[in-house]
$ cat work-v9.txt   # compact mmCIF, C-alpha atoms
# COMPACT_ATOMS: atom_id res chain seq x y z
CA MET Z 1 -16.19 22.81 7.39
CA LYS Z 2 -19.39 21.14 6.20
CA LYS Z 3 -18.96 22.72 2.75
CA ILE Z 4 -15.34 21.67 2.60
CA LEU Z 5 -16.22 18.08 3.41
CA LEU Z 6 -19.06 18.05 0.91
CA ALA Z 7 -16.85 19.49 -1.80
CA LEU Z 8 -14.12 17.03 -0.93
CA PHE Z 9 -16.52 14.13 -1.17
CA ILE Z 10 -18.18 15.14 -4.41
CA THR Z 11 -15.52 16.82 -6.46
CA SER Z 12 -12.24 15.31 -5.46
CA PRO Z 13 -10.80 12.97 -8.04
CA LEU Z 14 -11.06 9.67 -6.26
CA VAL Z 15 -7.68 8.09 -6.42
CA TRP Z 16 -7.60 4.52 -5.30
CA ALA Z 17 -4.62 2.41 -4.54
CA GLU Z 18 -2.93 3.23 -7.78
CA GLU Z 19 -1.81 0.43 -9.96
CA GLY Z 20 1.92 1.02 -10.20
CA SER Z 21 4.11 -0.13 -13.02
CA MET Z 22 4.79 -3.83 -12.81
CA ASP Z 23 7.63 -5.95 -14.04
CA MET Z 24 7.36 -9.69 -14.28
CA HIS Z 25 10.29 -12.06 -14.39
CA HIS Z 26 10.12 -15.79 -14.80
CA HIS Z 27 13.06 -17.94 -13.79
CA SER Z 28 13.98 -21.56 -13.65
CA HIS Z 29 15.72 -22.00 -10.33
CA GLU Z 30 17.04 -25.51 -10.55
CA GLY Z 31 17.19 -26.37 -6.86
CA HIS Z 32 19.88 -23.86 -5.93
CA LEU Z 33 19.10 -21.09 -3.52
CA HIS Z 34 21.51 -18.25 -4.10
CA ASP Z 35 21.30 -14.47 -4.19
CA THR Z 36 22.05 -14.61 -7.88
CA MET Z 37 20.05 -17.00 -9.98
CA VAL Z 38 21.28 -19.12 -12.86
CA ASN Z 39 20.46 -16.47 -15.45
CA GLY Z 40 22.45 -13.81 -13.61
CA LYS Z 41 19.36 -11.96 -12.38
CA ASN Z 42 19.53 -10.95 -8.74
CA LEU Z 43 16.99 -12.61 -6.50
CA GLU Z 44 15.29 -9.56 -5.02
CA VAL Z 45 14.54 -10.96 -1.61
CA ASN Z 46 16.31 -11.43 1.70
CA ALA Z 47 18.37 -14.57 1.03
CA GLU Z 48 18.29 -15.85 4.60
CA ARG Z 49 14.54 -15.41 4.82
CA PHE Z 50 14.06 -17.02 1.43
CA ASP Z 51 16.17 -20.05 2.43
CA LYS Z 52 14.10 -20.47 5.59
CA PHE Z 53 10.89 -20.25 3.59
CA MET Z 54 12.16 -22.86 1.14
CA GLU Z 55 12.87 -25.45 3.84
CA GLY Z 56 10.83 -28.53 2.98
CA ILE Z 57 9.56 -27.10 -0.28
CA ILE Z 58 10.03 -29.27 -3.34
CA ASP Z 59 8.40 -29.33 -6.72
CA MET Z 60 6.53 -26.04 -6.44
CA ASN Z 61 6.27 -22.72 -8.19
CA ILE Z 62 7.36 -19.76 -6.12
CA ALA Z 63 6.05 -16.23 -6.63
CA ILE Z 64 8.03 -13.36 -5.16
CA VAL Z 65 5.77 -10.32 -5.14
CA SER Z 66 6.91 -6.75 -4.48
CA VAL Z 67 4.17 -4.81 -2.73
CA GLN Z 68 3.76 -1.14 -1.92
CA GLY Z 69 1.80 0.05 1.10
CA MET Z 70 2.45 -2.81 3.52
CA VAL Z 71 3.15 -0.89 6.70
CA CYS Z 72 1.60 -2.94 9.45
CA ASP Z 73 0.50 -6.39 10.54
CA PHE Z 74 -3.10 -5.73 9.48
CA CYS Z 75 -1.98 -5.25 5.86
CA ALA Z 76 0.14 -8.39 6.07
CA ARG Z 77 -2.61 -10.43 7.64
CA GLY Z 78 -5.12 -9.38 4.99
CA ILE Z 79 -2.75 -10.47 2.25
CA GLU Z 80 -2.01 -13.75 4.00
CA LYS Z 81 -5.71 -14.52 4.45
CA ALA Z 82 -6.54 -13.65 0.85
CA PHE Z 83 -3.91 -16.01 -0.59
CA LEU Z 84 -4.45 -18.88 1.84
CA LYS Z 85 -8.05 -19.17 0.64
CA ASP Z 86 -6.55 -20.52 -2.58
CA LEU Z 87 -6.05 -24.28 -2.16
CA ASN Z 88 -3.13 -24.14 -4.60
CA VAL Z 89 -1.20 -21.91 -2.19
CA LYS Z 90 0.88 -24.13 0.06
CA LYS Z 91 2.88 -21.57 2.00
CA ILE Z 92 3.18 -17.80 2.26
CA ASP Z 93 5.61 -15.39 3.89
CA VAL Z 94 5.09 -11.65 4.25
CA ASP Z 95 8.22 -9.57 4.81
CA LEU Z 96 7.20 -6.09 5.92
CA ASP Z 97 10.83 -4.92 5.97
CA SER Z 98 11.45 -5.44 2.28
CA GLY Z 99 7.84 -5.22 1.08
CA LYS Z 100 7.99 -8.74 -0.36
CA VAL Z 101 5.44 -11.53 -0.29
CA ILE Z 102 6.69 -15.03 -1.11
CA ILE Z 103 4.05 -17.54 -2.16
CA ALA Z 104 4.55 -21.26 -2.81
CA TYR Z 105 2.08 -22.69 -5.33
CA SER Z 106 1.40 -26.27 -6.34
CA LYS Z 107 3.49 -27.25 -9.34
CA SER Z 108 0.32 -28.36 -11.11
CA ILE Z 109 -0.93 -24.83 -11.74
CA GLU Z 110 0.45 -21.98 -13.74
CA ILE Z 111 0.89 -18.84 -11.67
CA ASP Z 112 -1.44 -16.10 -12.85
CA PRO Z 113 0.21 -12.68 -12.35
CA ASP Z 114 -3.09 -10.85 -12.90
CA LEU Z 115 -4.78 -12.85 -10.16
CA ILE Z 116 -1.96 -12.09 -7.73
CA LYS Z 117 -2.13 -8.42 -8.63
CA LYS Z 118 -5.91 -8.43 -8.13
CA LYS Z 119 -5.66 -10.05 -4.69
CA ILE Z 120 -3.07 -7.53 -3.57
CA LEU Z 121 -5.21 -4.65 -4.86
CA MET Z 122 -8.33 -6.02 -3.16
CA ASN Z 123 -6.39 -5.79 0.08
CA GLY Z 124 -5.65 -2.13 -0.63
CA GLN Z 125 -1.99 -2.42 -1.64
CA ASN Z 126 -0.20 -2.37 -5.00
CA MET Z 127 1.89 -5.04 -6.66
CA THR Z 128 4.86 -3.48 -8.42
CA ASP Z 129 6.95 -6.48 -9.40
CA LEU Z 130 6.68 -10.24 -9.67
CA GLN Z 131 9.36 -12.90 -9.95
CA ILE Z 132 8.39 -16.53 -10.57
CA ILE Z 133 10.75 -19.32 -9.70
CA LYS Z 134 10.27 -22.99 -10.46
CA VAL Z 135 11.87 -25.35 -7.95
CA MET M 136 -9.81 0.74 39.66
CA GLY M 137 -7.04 -1.25 38.03
CA ILE M 138 -6.19 -1.10 34.37
CA LEU M 139 -7.42 -4.65 33.85
CA LYS M 140 -10.83 -3.88 35.36
CA ILE M 141 -11.15 -0.77 33.23
CA LEU M 142 -10.32 -2.73 30.11
CA VAL M 143 -12.81 -5.46 30.95
CA CYS M 144 -15.49 -2.86 31.67
CA THR M 145 -14.71 -1.14 28.39
CA LEU M 146 -15.16 -4.39 26.54
CA VAL M 147 -18.50 -4.96 28.18
CA ILE M 148 -19.96 -1.49 27.92
CA ALA M 149 -20.59 0.41 24.79
CA VAL M 150 -18.13 2.49 22.52
CA ASN M 151 -16.37 4.40 18.43
CA VAL M 152 -12.95 4.18 17.07
CA GLU M 153 -11.42 5.98 14.15
CA ALA M 154 -8.34 3.88 13.54
CA ARG M 155 -8.44 1.54 10.52
CA PRO M 156 -12.09 2.16 9.67
CA ILE M 157 -12.03 -0.13 6.64
CA SER M 158 -10.75 -3.68 6.53
CA TYR M 159 -9.55 -5.72 3.58
CA SER M 160 -12.23 -7.02 1.19
CA GLY M 161 -14.53 -9.37 3.05
CA GLY M 162 -13.12 -8.50 6.46
CA SER M 163 -15.04 -7.53 9.59
CA THR M 164 -13.89 -5.46 12.52
CA LEU M 165 -15.11 -4.93 16.06
CA MET M 166 -14.16 -1.59 17.61
CA ILE M 167 -14.78 -0.49 21.16
CA LYS M 168 -14.07 2.96 22.53
CA SER M 169 -14.52 4.83 25.74
CA ASP M 170 -13.61 8.45 26.44
CA ASN M 171 -14.94 11.46 28.33
CA LEU M 172 -17.81 11.98 25.85
CA SER M 173 -19.16 8.52 25.15
CA ASN M 174 -18.80 4.79 25.16
CA SER M 175 -19.41 2.98 21.92
CA THR M 176 -19.31 -0.41 20.25
CA TYR M 177 -18.92 -0.46 16.51
CA PHE M 178 -18.96 -3.46 14.20
CA HIS M 179 -18.32 -3.03 10.50
CA TYR M 180 -17.98 -5.14 7.39
CA SER M 181 -15.91 -4.17 4.35
CA PRO M 182 -17.24 -5.53 1.04
CA SER M 183 -14.25 -3.79 -0.52
CA PHE M 184 -11.13 -2.07 0.80
CA LYS M 185 -12.77 1.15 -0.46
CA TYR M 186 -15.67 1.29 2.01
CA SER M 187 -17.24 -0.25 5.06
CA ILE M 188 -20.74 -0.41 6.44
CA GLY M 189 -21.56 -1.07 10.04
CA ILE M 190 -23.62 -0.43 13.12
CA GLU M 191 -22.55 1.51 16.17
CA ASN M 192 -24.16 1.68 19.56
CA THR M 193 -23.20 4.79 21.52
CA ASN M 194 -23.90 5.74 25.07
CA ASP M 195 -23.61 9.50 25.40
CA LYS M 196 -22.09 10.52 28.73
CA ILE M 197 -23.00 14.21 28.34
CA PHE M 198 -26.59 13.95 27.11
CA LYS M 199 -27.28 10.64 28.83
CA GLY M 200 -28.75 8.65 25.98
CA ASN M 201 -28.26 5.66 23.72
CA LYS M 202 -28.16 5.78 19.94
CA ASN M 203 -27.72 3.15 17.26
CA TYR M 204 -26.05 4.50 14.16
CA ILE M 205 -25.89 2.90 10.74
CA ARG M 206 -22.40 3.87 9.62
CA PHE M 207 -20.75 4.30 6.26
CA THR M 208 -17.04 4.95 5.80
CA TYR M 209 -15.46 5.65 2.45
CA LEU M 210 -11.81 5.71 1.46
CA LEU M 211 -11.45 8.96 -0.44
CA ASN M 212 -7.80 8.59 -1.20
CA ARG M 213 -4.95 6.21 -0.56
CA LYS M 214 -1.32 6.54 -1.53
CA ASN M 215 0.82 3.43 -1.23
CA ALA M 216 4.58 3.81 -1.28
CA LEU M 217 7.36 1.32 -0.65
CA SER M 218 7.52 2.09 3.06
CA SER M 219 4.48 4.21 3.78
CA GLN M 220 0.75 4.49 3.35
CA ARG M 221 -1.42 7.59 3.44
CA ASN M 222 -5.22 7.50 3.76
CA LEU M 223 -8.09 9.96 3.73
CA TYR M 224 -11.53 8.75 4.81
CA PHE M 225 -15.02 10.16 4.83
CA GLN M 226 -17.21 8.92 7.68
CA SER M 227 -20.92 9.23 8.38
CA GLY M 228 -23.66 7.77 10.51
CA VAL M 229 -27.43 8.04 10.93
CA ASP M 230 -29.39 7.13 14.03
CA VAL M 231 -31.75 4.26 13.28
CA ALA M 232 -34.49 5.72 15.49
CA ASN M 233 -34.25 9.36 14.40
CA LYS M 234 -32.51 10.48 11.23
CA ASN M 235 -32.09 13.98 12.68
CA ASN M 236 -29.38 12.43 14.81
CA HIS M 237 -26.48 11.95 12.46
CA PHE M 238 -22.82 12.74 12.05
CA TYR M 239 -20.28 13.19 9.32
CA GLY M 240 -16.60 13.90 9.20
CA ALA M 241 -13.25 12.99 7.84
CA HIS M 242 -10.10 11.47 9.13
CA GLY M 243 -6.76 10.66 7.70
CA ASP M 244 -3.45 9.10 8.52
CA TRP M 245 0.07 8.70 7.23
CA GLU M 246 2.04 5.77 8.50
CA THR M 247 5.38 4.07 8.09
CA ARG M 248 6.58 1.22 10.23
CA ARG M 249 8.32 3.81 12.46
CA TRP M 250 6.17 6.95 12.31
CA PHE M 251 2.46 7.72 12.49
CA ALA M 252 0.47 10.94 12.02
CA GLY M 253 -3.29 11.18 11.99
CA PHE M 254 -6.15 13.64 12.29
CA GLY M 255 -9.91 13.51 12.61
CA TYR M 256 -12.93 15.78 12.41
CA LYS M 257 -16.46 14.79 13.37
CA ASN M 258 -19.61 16.92 13.31
CA VAL M 259 -22.44 15.47 15.36
CA GLN M 260 -25.98 16.71 14.75
CA GLY M 261 -28.81 16.12 17.17
CA LYS M 262 -31.37 18.22 18.96
CA ILE M 263 -30.73 21.95 18.52
CA LYS M 264 -28.47 22.34 21.53
CA ASN M 265 -26.85 18.97 21.05
CA ASN M 266 -24.75 19.75 17.97
CA TYR M 267 -21.04 19.61 18.48
CA GLU M 268 -17.69 19.06 16.78
CA ASN M 269 -14.77 16.87 17.77
CA LYS M 270 -11.26 17.25 16.37
CA TYR M 271 -8.05 15.45 17.09
CA LEU M 272 -4.43 15.20 16.00
CA GLN M 273 -2.26 12.23 16.81
CA PHE M 274 1.45 11.54 16.32
CA GLY M 275 3.38 8.42 17.14
CA VAL M 276 6.66 6.61 16.96
CA ALA M 277 7.39 2.90 17.24
CA PRO M 278 10.31 2.43 19.65
CA TYR M 279 11.25 -0.80 17.86
CA ILE M 280 10.32 -2.31 14.52
CA GLY M 281 8.81 -5.73 14.93
CA ASP M 282 8.37 -8.32 12.23
CA TYR M 283 4.96 -9.51 11.06
CA GLY M 284 3.34 -11.43 13.91
CA ASP M 285 5.40 -9.79 16.66
CA PHE M 286 4.00 -7.74 19.51
CA HIS M 287 4.05 -4.11 18.34
CA THR M 288 4.22 -0.99 20.48
CA TRP M 289 3.61 2.65 19.63
CA LEU M 290 4.29 5.72 21.77
CA MET M 291 1.89 8.47 20.79
CA VAL M 292 0.71 11.95 21.65
CA LYS M 293 -2.89 12.97 21.02
CA THR M 294 -4.48 16.39 21.09
CA LYS M 295 -8.24 16.59 21.02
CA LYS M 296 -10.79 19.35 21.21
CA SER M 297 -14.54 19.19 21.56
CA SER M 298 -16.92 22.12 21.15
CA LEU M 299 -19.10 20.38 23.70
CA THR M 300 -16.69 20.57 26.60
CA LYS M 301 -14.65 23.48 25.14
CA ASN M 302 -11.56 21.72 26.39
CA THR M 303 -8.36 21.07 24.48
CA SER M 304 -6.39 18.26 25.97
CA THR M 305 -3.03 16.83 25.01
CA TYR M 306 -1.99 13.55 26.50
CA PRO M 307 0.16 10.46 25.92
CA VAL M 308 -1.28 7.36 24.29
CA LEU M 309 0.16 3.88 24.23
CA LYS M 310 -0.83 1.61 21.36
CA PHE M 311 -0.19 -2.10 21.28
CA PHE M 312 -1.14 -4.63 18.71
CA SER M 313 -0.52 -8.24 18.01
CA GLY M 314 -2.18 -10.54 15.52
CA ASP M 315 -5.72 -9.36 14.93
CA ALA M 316 -6.03 -7.32 18.12
CA LEU M 317 -5.18 -3.69 18.87
CA ILE M 318 -5.48 -1.62 22.01
CA GLU M 319 -4.91 2.10 22.60
CA ILE M 320 -4.75 3.57 26.08
CA GLY M 321 -4.54 7.28 26.78
CA TYR M 322 -4.93 9.26 29.96
CA ASP M 323 -5.40 12.95 30.64
CA ASN M 324 -6.07 14.77 33.92
CA GLN M 325 -9.03 16.66 32.41
CA THR M 326 -10.62 14.02 30.24
CA ASN M 327 -9.50 10.90 32.10
CA TRP M 328 -9.25 7.62 30.19
CA ASP M 329 -9.27 7.32 26.42
CA LEU M 330 -9.52 3.65 25.47
CA HIS M 331 -9.76 1.98 22.09
CA LEU M 332 -9.92 -1.71 21.43
CA MET M 333 -10.14 -3.34 18.04
CA TYR M 334 -10.35 -6.87 16.77
CA ARG M 335 -10.29 -7.80 13.11
CA PHE M 336 -11.97 -10.98 11.87

$ encode --input "work-v9.txt" --output "structure tokens"
Amino acid sequence: MKKILLALFITSPLVWAEEGSMDMHHHSHEGHLHDTMVNGKNLEVNAERFDKFMEGIIDMNIAIVSVQGMVCDFCARGIEKAFLKDLNVKKIDVDLDSGKVIIAYSKSIEIDPDLIKKKILMNGQNMTDLQIIKV
Amino acid sequence: MGILKILVCTLVIAVNVEARPISYSGGSTLMIKSDNLSNSTYFHYSPSFKYSIGIENTNDKIFKGNKNYIRFTYLLNRKNALSSQRNLYFQSGVDVANKNNHFYGAHGDWETRRWFAGFGYKNVQGKIKNNYENKYLQFGVAPYIGDYGDFHTWLMVKTKKSSLTKNTSTYPVLKFFSGDALIEIGYDNQTNWDLHLMYRF
């Protein structure tokens, strides 16, 4: 067993949280909250949850992040804590059911997809898709 | 003794937990464990989600002694999927007072929001007659799927074997967690209480 563990530790190809393929979509969402956005692209998030999140939100940039590996509250909490350290993040919602994280950013800053991806990876999960909506 | 008293005692006395051995980057975790072999208190810090370093105080119930281990846990492999996560960890520890007292091992888990499966192996080295191995398997199901922030419950079955006691015991375990806190409670006629508490900062 000792040899097996040693071999495992030394020789195994160390595969970290793999960086999956990622698609990014940017949308102008002119104040209307529907399942289908103005450009015909489906909003890939639970509409009811999204509407609730958007209550009271005006003049912000919204990032909808698809995340793999979020299976429990500890994963969700880590992601929430990581993003809330950023003063430009005004609100965040983690939906474990759909694997989506919705983040409301100040309008004054441009959302940086690489930074979002890095924060998700630092928490041990993978970002696979990102939609940005301006409201 | 009531459950509450046992839990309070477990928090006060020493303990070692295998679940979630690495936090998110910059996170710290306090783990407390009590079973038939030892009580231990383990605090670790994770500079990265790939590894954690920490210190563990153990009170050995068999050999009647205290040890303070410097611990290192390393994530060998993680596979994230849309609705599951699989992990394989290497764990090790060295007694601060005597480096001949050390342990190493591995543990892994696969988890969805409904199902859990995990295993662990630990080889403890000490004085010549004090070497032993612990192994366990654990399976669980969540009777309901809670949203983030809800109170979560898991019904589990654990089988463990120690070369020290030469016993194999299989017993039910209840796991609850809410917010940053987690508690596992198991009971077996042979090995009595198996308690894990964890708090993540």

$ closest_atom_pairs --input "work-v9.txt" --of "chain M" --to "chain Z" --cutoff "6 Å" --atoms "all atoms listed in the file" --output "JSON lines"
{"residue": "M:Tyr159", "atom": "CA", "partner": "Z:Asn123", "partner_atom": "CA", "distance": 4.7}
{"residue": "M:Ser160", "atom": "CA", "partner": "Z:Met122", "partner_atom": "CA", "distance": 5.9}
{"residue": "M:Phe184", "atom": "CA", "partner": "Z:Gly124", "partner_atom": "CA", "distance": 5.7}
{"residue": "M:Leu211", "atom": "CA", "partner": "Z:Leu14", "partner_atom": "CA", "distance": 5.9}
{"residue": "M:Asn212", "atom": "CA", "partner": "Z:Val15", "partner_atom": "CA", "distance": 5.2}
{"residue": "M:Arg213", "atom": "CA", "partner": "Z:Ala17", "partner_atom": "CA", "distance": 5.5}
{"residue": "M:Asn215", "atom": "CA", "partner": "Z:Gly69", "partner_atom": "CA", "distance": 4.2}
{"residue": "M:Ala216", "atom": "CA", "partner": "Z:Gln68", "partner_atom": "CA", "distance": 5.1}
{"residue": "M:Leu217", "atom": "CA", "partner": "Z:Gln68", "partner_atom": "CA", "distance": 4.5}
{"residue": "M:Ser219", "atom": "CA", "partner": "Z:Gly69", "partner_atom": "CA", "distance": 5.6}
{"residue": "M:Gln220", "atom": "CA", "partner": "Z:Gly69", "partner_atom": "CA", "distance": 5.1}
{"residue": "M:Thr247", "atom": "CA", "partner": "Z:Val71", "partner_atom": "CA", "distance": 5.6}
{"residue": "M:Arg248", "atom": "CA", "partner": "Z:Val71", "partner_atom": "CA", "distance": 5.4}
{"residue": "M:Tyr283", "atom": "CA", "partner": "Z:Asp73", "partner_atom": "CA", "distance": 5.5}

$ atom_distance --input "work-v9.txt" --atom1 "atom CA of Val101 of chain Z" --atom2 "atom CA of Ile64 of chain Z"
5.8 Å

$ residues_around --input "work-v9.txt" --residues "Leu309 of chain M" --least-positions-apart "2" --cutoff "10 Å" --atoms "only C-alpha atoms" --output "list in words"
Gly275, Thr288, Trp289, Leu290, Met291, Val292, Pro307, Phe311, Ile318, Glu319, Ile320, Gly321, Tyr322 and Leu330 of chain M

$ residues_around --input "work-v9.txt" --residues "Gln226 of chain M" --least-positions-apart "2" --cutoff "7 Å" --atoms "all atoms listed in the file" --output "MDAnalysis selection string"
chainID M and resid 207:209 224 239:241

$ closest_residue --input "work-v9.txt" --among "M:Leu272, M:Ala232, M:Ala316, M:Ala277" --to "Met166 of chain M" --atoms "only C-alpha atoms"
M:Ala316

$ residues_around --input "work-v9.txt" --residues "segment 55-63 of chain Z" --least-positions-apart "3" --cutoff "9 Å" --atoms "all atoms listed in the file" --output "VMD selection string"
chain Z and resid 31 50 to 52 90 to 91 101 to 111 113 130 to 135

$ atom_distance --input "work-v9.txt" --atom1 "atom CA of Tyr204 of chain M" --atom2 "atom CA of Asn192 of chain M"
6.4 Å

$ closest_residue --input "work-v9.txt" --among "M:Asn266, M:Gly261, M:Ser218, M:Asp285" --to "Glu246 of chain M" --atoms "all atoms listed in the file"
M:Ser218

$ residues_around --input "work-v9.txt" --residues "Phe178 of chain M" --least-positions-apart "3" --cutoff "12 Å" --atoms "all atoms listed in the file" --output "ChimeraX atom specification"
/M:149-152,156-158,162-168,175,181,187-193,203-207,332-336

$ atom_distance --input "work-v9.txt" --atom1 "atom CA of Phe53 of chain Z" --atom2 "atom CA of Asp282 of chain M"
14.9 Å

$ closest_residue --input "work-v9.txt" --among "M:Phe274, M:Gly161, M:Phe286, M:Asp170" --to "Gln325 of chain M" --atoms "all atoms listed in the file"
M:Asp170

$ residues_around --input "work-v9.txt" --residues "Val259 of chain M" --least-positions-apart "5" --cutoff "9 Å" --atoms "only C-alpha atoms" --output "PDB file with C-alpha atoms, in the frame of the given file"
ATOM      1  CA  ASN M 236     -29.380  12.430  14.810  1.00  0.00           C
ATOM      2  CA  HIS M 237     -26.480  11.950  12.460  1.00  0.00           C
ATOM      3  CA  PHE M 238     -22.820  12.740  12.050  1.00  0.00           C
ATOM      4  CA  TYR M 239     -20.280  13.190   9.320  1.00  0.00           C
ATOM      5  CA  GLY M 240     -16.600  13.900   9.200  1.00  0.00           C
ATOM      6  CA  ASN M 265     -26.850  18.970  21.050  1.00  0.00           C
ATOM      7  CA  ASN M 266     -24.750  19.750  17.970  1.00  0.00           C
ATOM      8  CA  TYR M 267     -21.040  19.610  18.480  1.00  0.00           C
ATOM      9  CA  GLU M 268     -17.690  19.060  16.780  1.00  0.00           C
ATOM     10  CA  ASN M 269     -14.770  16.870  17.770  1.00  0.00           C
TER      11      ASN M 269
END

$ axis_aligned_box --input "work-v9.txt" --around "segment 205-220 of chain M" --padding-each-side "5 Å" --output "JSON"
{"center_x": -9.2, "center_y": 5.1, "center_z": 4.6, "size_x": 43.4, "size_y": 17.6, "size_z": 22.3}

$ decode --input "work-v9.txt" --residues "segment 151-196 of chain M" --atoms "C-alpha atoms" --output "PDB file, in the first residue's frame"
ATOM      1  CA  ASN M 151      -9.255  14.395  12.967  1.00  0.00           C
ATOM      2  CA  VAL M 152     -11.664  14.554  10.169  1.00  0.00           C
ATOM      3  CA  GLU M 153     -11.247  13.472   6.600  1.00  0.00           C
ATOM      4  CA  ALA M 154     -14.163  15.250   4.966  1.00  0.00           C
ATOM      5  CA  ARG M 155     -13.322  18.343   2.893  1.00  0.00           C
ATOM      6  CA  PRO M 156      -9.646  18.455   3.825  1.00  0.00           C
ATOM      7  CA  ILE M 157      -8.929  21.481   1.645  1.00  0.00           C
ATOM      8  CA  SER M 158     -10.859  24.728   1.602  1.00  0.00           C
ATOM      9  CA  TYR M 159     -11.101  27.354  -1.121  1.00  0.00           C
ATOM     10  CA  SER M 160      -8.057  29.602  -1.598  1.00  0.00           C
ATOM     11  CA  GLY M 161      -7.466  31.607   1.555  1.00  0.00           C
ATOM     12  CA  GLY M 162      -9.975  29.631   3.604  1.00  0.00           C
ATOM     13  CA  SER M 163      -9.456  28.068   7.023  1.00  0.00           C
ATOM     14  CA  THR M 164     -11.229  25.127   8.574  1.00  0.00           C
ATOM     15  CA  LEU M 165     -11.599  23.771  12.087  1.00  0.00           C
ATOM     16  CA  MET M 166     -12.280  20.039  12.315  1.00  0.00           C
ATOM     17  CA  ILE M 167     -13.040  18.066  15.434  1.00  0.00           C
ATOM     18  CA  LYS M 168     -13.400  14.309  15.606  1.00  0.00           C
ATOM     19  CA  SER M 169     -13.964  11.678  18.201  1.00  0.00           C
ATOM     20  CA  ASP M 170     -14.163   7.923  17.679  1.00  0.00           C
ATOM     21  CA  ASN M 171     -13.104   4.703  19.375  1.00  0.00           C
ATOM     22  CA  LEU M 172      -9.403   5.271  18.562  1.00  0.00           C
ATOM     23  CA  SER M 173      -8.786   8.937  19.274  1.00  0.00           C
ATOM     24  CA  ASN M 174     -10.018  12.429  19.810  1.00  0.00           C
ATOM     25  CA  SER M 175      -8.519  15.145  17.691  1.00  0.00           C
ATOM     26  CA  THR M 176      -8.704  18.823  16.857  1.00  0.00           C
ATOM     27  CA  TYR M 177      -7.402  19.886  13.485  1.00  0.00           C
ATOM     28  CA  PHE M 178      -7.090  23.399  12.102  1.00  0.00           C
ATOM     29  CA  HIS M 179      -5.910  23.956   8.558  1.00  0.00           C
ATOM     30  CA  TYR M 180      -5.357  26.790   6.141  1.00  0.00           C
ATOM     31  CA  SER M 181      -5.563  26.473   2.354  1.00  0.00           C
ATOM     32  CA  PRO M 182      -3.292  28.864   0.441  1.00  0.00           C
ATOM     33  CA  SER M 183      -4.764  27.275  -2.674  1.00  0.00           C
ATOM     34  CA  PHE M 184      -7.609  24.869  -3.401  1.00  0.00           C
ATOM     35  CA  LYS M 185      -4.849  22.367  -4.278  1.00  0.00           C
ATOM     36  CA  TYR M 186      -3.392  21.912  -0.784  1.00  0.00           C
ATOM     37  CA  SER M 187      -3.763  22.707   2.865  1.00  0.00           C
ATOM     38  CA  ILE M 188      -1.385  22.922   5.787  1.00  0.00           C
ATOM     39  CA  GLY M 189      -2.433  22.631   9.381  1.00  0.00           C
ATOM     40  CA  ILE M 190      -1.849  21.418  12.889  1.00  0.00           C
ATOM     41  CA  GLU M 191      -3.639  18.572  14.594  1.00  0.00           C
ATOM     42  CA  ASN M 192      -3.698  17.654  18.237  1.00  0.00           C
ATOM     43  CA  THR M 193      -4.625  14.022  18.857  1.00  0.00           C
ATOM     44  CA  ASN M 194      -5.344  12.200  22.042  1.00  0.00           C
ATOM     45  CA  ASP M 195      -4.812   8.502  21.476  1.00  0.00           C
ATOM     46  CA  LYS M 196      -7.340   6.388  23.381  1.00  0.00           C
TER      47      LYS M 196
END
